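Peer 1: Let me give you the structure first, and then I'll get to my questions.
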Amino acid sequence: MKFVFYTHSVVSDWNHGNAHFLRGVMRDLQRRGHEALALEAENAWSRANLVEDQGQAAVEKFFETFPQHRSQIYDENFDHEAALADADVVIVHEWTEPQLVERLGRIRRNGATFTLLFHDTHHRAVSAEGDIAGLTLDDYDGVLAFGQTLRERYLRAGWGKSVFTWHEAADDALFRPLPEIEKNGDLIWIGNWGDGERSAEIAEFLIRPAHDLRLNTTVRGVRYPDHALEALRNAGFSYGGWIANADVPVAFARHKVTMHIPRRPYVEHLPGIPTIRVFEALACGIPLISAPWDDAEHLFRSGKDYLLVRDGEEMKKCLREVLFDADRAASLTAAGLETIKARHTCRHRVDELFTILGHCGTSKVAKSLHSREAAE
């Protein structure tokens with residue numbers, strides 16, 4: 001089958017975590033013999049910032065790292081009808097312009113045979129409700145929500161015909177343990193500033209505990225304001241700015257522990273939805289300590305796959321435990337990796353996607369799925 005993804009960007013992961021997941025999904029679809037194409041708006045904010053920050057070489061590096069991925073830029077004159085003429089499944093990310101979201105629905109309503117799905121991987125449904133409420137989703141065959149609480153929000157609001165939970169996951173072809181790499185640092189935190197949505201949490205759970213313990217700490221991410229950069233410098237941390245997601249497994253391998261510091265909207269309004277870094281960190285076999293977070297869907301085993309703390313003092317205690325108890329660190333590593341391999345890889349999510357297509361796919365997709373099952 002041919003899958004077309006309308007994405008903010010697959011080329012750029014500058015402050016754009018959905019690119020991580022999409023790359024893994026596209027990779028697994030291709031592994032199974034399907035065709036996958038990403039369509040990106042020419043004015044994509046993430047890619048523009050990547051080029052401004054890192055230069056055109058960062059875009060070229062993406063295609064060197066992911067030579068199998070196809071990405072096409074569209075502008076206001078792009079012929080979407082022609083581009084989708086042979087598509088079987090079209091998945092539209094929630095950062096797509098509202099006018100285009102409506103236009104794609106209209107193409108589907110006017111007789112297109114592809115299955116049309118809307119994909120939401122953000123908290124705007126609760127933090128900027130009008131943005132999502134204003135989208136025209138009546139002609140979409142289904143909605144993919146990256147957490148059960150987000151799915152319930154769509155159902156309560158009556159957005160879309162059918163709504164399915166489709167979590168993000170780790171691309172374990174990329175994210176895997178690298179035991180041959182020497183560890184030369186204690187703690188690494190990889191995360192963007194987040195529009196102030198976790199500024200207090202970064203101070204409490206990262207800066208103060210790591211500074212008090214005098215840990216060799218590395219911070220990577222973008223959009224840190226001057227006062228945040230000064231706080232990192234004063235704590236003695238090494239700040240490296242943006243890191244290509246493909247380079248993250250090596251960065252994890254060079255450190256002994258990492259953290260999950262969720263953004264406030266997920267803690268307060270959308271419990272059960274972790275950042276994709278949780279999946280990726282556990283897949284890399286690095287011990288993970290999390291700031292307060294409610295794993296409402298039991299995706300992981302708290303206390304076994306990762307450690308959960310309530311405040312900065314508990315974070316300090318757990319950091320000591322992981323850094324100075326090799327057996328404890330090894331136990332967390334093994335358990336987290338076990339859970340990822342059992343439940344949370346992009347292969348699992350593609351399996352789930354096919355199940356979803358079996359529920360809401362067009363007759364064209366149903367025929368393709370039937371043929372695949374017969375072949376297997």
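Labels used: A, B, ... for chains in the order of the structure tokens, numbers from 1 for residues in each chain, and numbers from 1 for ligands as shown.
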Which residues, written as an MDAnalysis selection string, have at least one atom at most 10 Å from Ser12 in chain A, with only C-alpha atoms counted and residues fewer than 3 positions away on the same chain left out?

Peer 2: chainID A and resid 8:9 15:20 44:51 58:59 62 244:245

Peer 1: How would the residues just picked look written out with all heavy atoms as a short mmCIF file (atom, residue, chain, number, x, y, z; two decimals), in the first residue's frame?

Peer 2:
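So part.cif came out as:
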data_model
loop_
_atom_site.label_atom_id
_atom_site.label_comp_id
_atom_site.auth_asym_id
_atom_site.auth_seq_id
_atom_site.Cartn_x
_atom_site.Cartn_y
_atom_site.Cartn_z
N HIS A 8 4.37 18.14 9.76
CA HIS A 8 5.03 19.44 9.87
C HIS A 8 6.42 19.34 9.25
O HIS A 8 6.84 20.20 8.49
CB HIS A 8 5.11 19.87 11.32
CG HIS A 8 5.82 21.16 11.50
ND1 HIS A 8 5.29 22.37 11.12
CD2 HIS A 8 7.06 21.44 11.99
CE1 HIS A 8 6.16 23.34 11.37
NE2 HIS A 8 7.23 22.81 11.90
N SER A 9 7.12 18.26 9.57
CA SER A 9 8.40 17.96 8.93
C SER A 9 8.83 16.56 9.33
O SER A 9 8.68 16.17 10.48
CB SER A 9 9.48 18.96 9.33
OG SER A 9 10.70 18.67 8.67
N ASN A 15 12.93 21.00 17.76
CA ASN A 15 11.72 21.25 18.56
C ASN A 15 10.49 20.57 17.95
O ASN A 15 9.40 21.11 17.96
CB ASN A 15 11.46 22.76 18.68
CG ASN A 15 10.62 23.11 19.90
OD1 ASN A 15 11.15 23.42 20.96
ND2 ASN A 15 9.30 23.05 19.78
N HIS A 16 10.69 19.38 17.42
CA HIS A 16 9.60 18.69 16.71
C HIS A 16 9.74 17.19 16.94
O HIS A 16 10.27 16.46 16.11
CB HIS A 16 9.68 19.04 15.22
CG HIS A 16 8.66 18.34 14.37
ND1 HIS A 16 7.34 18.22 14.73
CD2 HIS A 16 8.79 17.71 13.17
CE1 HIS A 16 6.69 17.55 13.79
NE2 HIS A 16 7.56 17.23 12.84
N GLY A 17 9.24 16.74 18.09
CA GLY A 17 9.40 15.35 18.47
C GLY A 17 8.62 14.36 17.61
O GLY A 17 9.00 13.20 17.52
N ASN A 18 7.54 14.80 16.98
CA ASN A 18 6.77 13.86 16.16
C ASN A 18 7.58 13.31 15.01
O ASN A 18 7.31 12.20 14.52
CB ASN A 18 5.50 14.53 15.64
CG ASN A 18 4.63 13.60 14.81
OD1 ASN A 18 4.48 13.78 13.62
ND2 ASN A 18 4.10 12.56 15.44
N ALA A 19 8.61 14.07 14.57
CA ALA A 19 9.47 13.57 13.50
C ALA A 19 10.15 12.27 13.90
O ALA A 19 10.35 11.38 13.06
CB ALA A 19 10.52 14.62 13.12
N HIS A 20 10.50 12.13 15.19
CA HIS A 20 11.16 10.91 15.65
C HIS A 20 10.28 9.69 15.35
O HIS A 20 10.72 8.70 14.77
CB HIS A 20 11.39 10.94 17.16
CG HIS A 20 12.05 12.16 17.69
ND1 HIS A 20 12.43 12.26 19.02
CD2 HIS A 20 12.41 13.33 17.11
CE1 HIS A 20 12.98 13.44 19.23
NE2 HIS A 20 12.97 14.11 18.09
N ALA A 44 7.64 25.31 6.78
CA ALA A 44 7.63 24.58 8.06
C ALA A 44 8.55 25.26 9.07
O ALA A 44 9.75 25.45 8.83
CB ALA A 44 8.06 23.13 7.84
N TRP A 45 7.98 25.63 10.20
CA TRP A 45 8.69 26.37 11.24
C TRP A 45 9.91 25.61 11.74
O TRP A 45 10.99 26.19 11.95
CB TRP A 45 7.70 26.65 12.36
CG TRP A 45 8.26 27.27 13.59
CD1 TRP A 45 8.43 28.60 13.83
CD2 TRP A 45 8.69 26.60 14.78
NE1 TRP A 45 8.95 28.80 15.09
CE2 TRP A 45 9.12 27.58 15.69
CE3 TRP A 45 8.75 25.25 15.16
CZ2 TRP A 45 9.60 27.27 16.97
CZ3 TRP A 45 9.23 24.93 16.42
CH2 TRP A 45 9.65 25.93 17.30
N SER A 46 9.77 24.30 11.96
CA SER A 46 10.87 23.51 12.50
C SER A 46 12.05 23.48 11.54
O SER A 46 13.20 23.68 11.94
CB SER A 46 10.39 22.08 12.80
OG SER A 46 11.46 21.27 13.22
N ARG A 47 11.79 23.21 10.27
CA ARG A 47 12.89 23.13 9.31
C ARG A 47 13.55 24.49 9.11
O ARG A 47 14.78 24.58 9.00
CB ARG A 47 12.40 22.58 7.96
CG ARG A 47 13.55 22.22 7.02
CD ARG A 47 13.09 21.57 5.73
NE ARG A 47 12.26 22.46 4.94
CZ ARG A 47 10.96 22.29 4.72
NH1 ARG A 47 10.34 21.26 5.25
NH2 ARG A 47 10.27 23.15 4.00
N ALA A 48 12.76 25.56 9.10
CA ALA A 48 13.33 26.91 8.96
C ALA A 48 14.25 27.22 10.13
O ALA A 48 15.35 27.78 9.95
CB ALA A 48 12.21 27.93 8.87
N ASN A 49 13.85 26.86 11.34
CA ASN A 49 14.69 27.09 12.51
C ASN A 49 15.93 26.20 12.50
O ASN A 49 17.01 26.62 12.95
CB ASN A 49 13.88 26.86 13.79
CG ASN A 49 13.07 28.08 14.19
OD1 ASN A 49 13.59 29.03 14.76
ND2 ASN A 49 11.79 28.05 13.84
N LEU A 50 15.78 24.98 12.01
CA LEU A 50 16.94 24.08 11.92
C LEU A 50 18.00 24.68 11.00
O LEU A 50 19.19 24.71 11.35
CB LEU A 50 16.50 22.71 11.40
CG LEU A 50 17.63 21.71 11.15
CD1 LEU A 50 18.32 21.35 12.45
CD2 LEU A 50 17.09 20.46 10.45
N VAL A 51 17.58 25.16 9.85
CA VAL A 51 18.53 25.73 8.89
C VAL A 51 19.16 27.00 9.45
O VAL A 51 20.37 27.23 9.30
CB VAL A 51 17.83 25.99 7.54
CG1 VAL A 51 18.76 26.75 6.60
CG2 VAL A 51 17.38 24.68 6.90
N ALA A 58 22.56 20.46 7.95
CA ALA A 58 21.73 19.60 8.81
C ALA A 58 20.67 18.88 8.01
O ALA A 58 20.34 17.72 8.30
CB ALA A 58 21.09 20.44 9.92
N VAL A 59 20.11 19.54 6.99
CA VAL A 59 19.13 18.90 6.11
C VAL A 59 19.81 17.82 5.28
O VAL A 59 19.28 16.71 5.12
CB VAL A 59 18.47 19.95 5.20
CG1 VAL A 59 17.55 19.28 4.18
CG2 VAL A 59 17.68 20.95 6.04
N PHE A 62 20.36 14.72 7.26
CA PHE A 62 19.18 13.88 7.43
C PHE A 62 19.09 12.85 6.31
O PHE A 62 18.86 11.66 6.55
CB PHE A 62 17.90 14.72 7.45
CG PHE A 62 16.65 13.90 7.26
CD1 PHE A 62 16.10 13.20 8.31
CD2 PHE A 62 16.06 13.79 6.01
CE1 PHE A 62 14.97 12.40 8.14
CE2 PHE A 62 14.93 13.00 5.82
CZ PHE A 62 14.39 12.31 6.89
N ALA A 244 20.77 16.28 16.79
CA ALA A 244 19.99 15.47 15.85
C ALA A 244 19.52 14.20 16.55
O ALA A 244 20.30 13.56 17.28
CB ALA A 244 20.84 15.11 14.63
N ASN A 245 18.27 13.84 16.36
CA ASN A 245 17.74 12.69 17.07
C ASN A 245 18.51 11.42 16.76
O ASN A 245 18.62 10.53 17.61
CB ASN A 245 16.26 12.49 16.75
CG ASN A 245 15.56 11.66 17.79
OD1 ASN A 245 15.74 11.88 18.98
ND2 ASN A 245 14.77 10.69 17.37
#

Peer 1: With a distance cut-off of 6 Å and only C-alpha atoms, select the neighbouring residues of range 312-317 of chain A, excluding the residue or stretch itself and same-chain residues fewer than 4 positions from it, and output the selection as a short mmCIF file (atom, residue, chain, number, x, y, z; two decimals) with N, CA and C atoms, in the first residue's frame.

Peer 2:
data_model
loop_
_atom_site.label_atom_id
_atom_site.label_comp_id
_atom_site.auth_asym_id
_atom_site.auth_seq_id
_atom_site.Cartn_x
_atom_site.Cartn_y
_atom_site.Cartn_z
N GLU A 204 13.70 22.50 39.65
CA GLU A 204 13.60 21.65 40.84
C GLU A 204 14.19 20.26 40.65
N PHE A 205 13.91 19.65 39.50
CA PHE A 205 14.28 18.24 39.33
C PHE A 205 15.61 18.03 38.61
N PRO A 209 19.21 19.44 42.00
CA PRO A 209 19.79 18.16 42.44
C PRO A 209 21.14 17.86 41.81
#

Peer 1: Work out how far apart CA of Asp351 in chain A and CA of Thr96 in chain A are and give it in Å to one decimal.

Peer 2: 25.0 Å

Peer 1: Could you check the closest approach to Asp305 in chain A for each of A:Arg328, A:Arg27, A:Arg106, A:Arg347 and tell me which residue wins, using only C-alpha atoms?

Peer 2: A:Arg328

Peer 1: May I have the residues within 8 Å of Val10 in chain A as a list in words, using only C-alpha atoms and disregarding those fewer than 6 positions away in the same chain?

Peer 2: Ala19, His20, Leu22, Arg23, Ala38, Glu40 and Ser71 of chain A

Peer 1: Produce a file of the selected residues containing all heavy atoms, as a short mmCIF file (atom, residue, chain, number, x, y, z; two decimals), in the first residue's frame.

Peer 2:
data_model
loop_
_atom_site.label_atom_id
_atom_site.label_comp_id
_atom_site.auth_asym_id
_atom_site.auth_seq_id
_atom_site.Cartn_x
_atom_site.Cartn_y
_atom_site.Cartn_z
N ALA A 19 8.61 14.07 14.57
CA ALA A 19 9.47 13.57 13.50
C ALA A 19 10.15 12.27 13.90
O ALA A 19 10.35 11.38 13.06
CB ALA A 19 10.52 14.62 13.12
N HIS A 20 10.50 12.13 15.19
CA HIS A 20 11.16 10.91 15.65
C HIS A 20 10.28 9.69 15.35
O HIS A 20 10.72 8.70 14.77
CB HIS A 20 11.39 10.94 17.16
CG HIS A 20 12.05 12.16 17.69
ND1 HIS A 20 12.43 12.26 19.02
CD2 HIS A 20 12.41 13.33 17.11
CE1 HIS A 20 12.98 13.44 19.23
NE2 HIS A 20 12.97 14.11 18.09
N LEU A 22 7.52 9.46 13.45
CA LEU A 22 7.14 9.28 12.06
C LEU A 22 8.24 8.59 11.27
O LEU A 22 7.97 7.72 10.43
CB LEU A 22 6.82 10.65 11.44
CG LEU A 22 6.39 10.64 9.97
CD1 LEU A 22 5.17 9.74 9.77
CD2 LEU A 22 6.09 12.05 9.51
N ARG A 23 9.48 8.95 11.52
CA ARG A 23 10.59 8.29 10.83
C ARG A 23 10.59 6.79 11.10
O ARG A 23 10.81 5.98 10.20
CB ARG A 23 11.92 8.90 11.27
CG ARG A 23 12.13 10.34 10.83
CD ARG A 23 13.31 10.95 11.57
NE ARG A 23 13.52 12.35 11.22
CZ ARG A 23 14.38 13.15 11.84
NH1 ARG A 23 15.12 12.68 12.83
NH2 ARG A 23 14.51 14.41 11.45
N ALA A 38 6.42 11.43 2.84
CA ALA A 38 6.09 12.56 3.72
C ALA A 38 5.93 13.81 2.87
O ALA A 38 6.77 14.10 2.01
CB ALA A 38 7.18 12.76 4.75
N GLU A 40 5.65 17.92 3.27
CA GLU A 40 5.95 18.98 4.22
C GLU A 40 5.67 20.35 3.61
O GLU A 40 6.02 20.60 2.45
CB GLU A 40 7.42 18.94 4.63
CG GLU A 40 7.91 17.59 5.10
CD GLU A 40 9.36 17.67 5.59
OE1 GLU A 40 9.81 18.79 5.93
OE2 GLU A 40 10.02 16.62 5.62
N SER A 71 10.70 12.58 1.11
CA SER A 71 10.02 13.77 1.61
C SER A 71 9.88 14.75 0.46
O SER A 71 10.82 14.98 -0.30
CB SER A 71 10.82 14.41 2.75
OG SER A 71 10.23 15.62 3.16
#

Peer 1: For the strand (DSSP E) assignment from backbone DSSP, which residues of range 282-345 of chain A qualify? Please present them as a ChimeraX atom specification.

Peer 2: /A:288-290,307-308

Peer 1: Mind listing the helix (DSSP H, G or I) residues of range 8-234 of chain A, per DSSP on the backbone, as a PyMOL selection string?

Peer 2: chain A and resi 18-31+45-54+57-65+80-83+98-109+124-127+129-133+148-157+199-212+226-234

Peer 1: Grab the CA of Asp53 in chain A to CA of Asp120 in chain A distance for me, in Å with one decimal place.

Peer 2: 26.9 Å
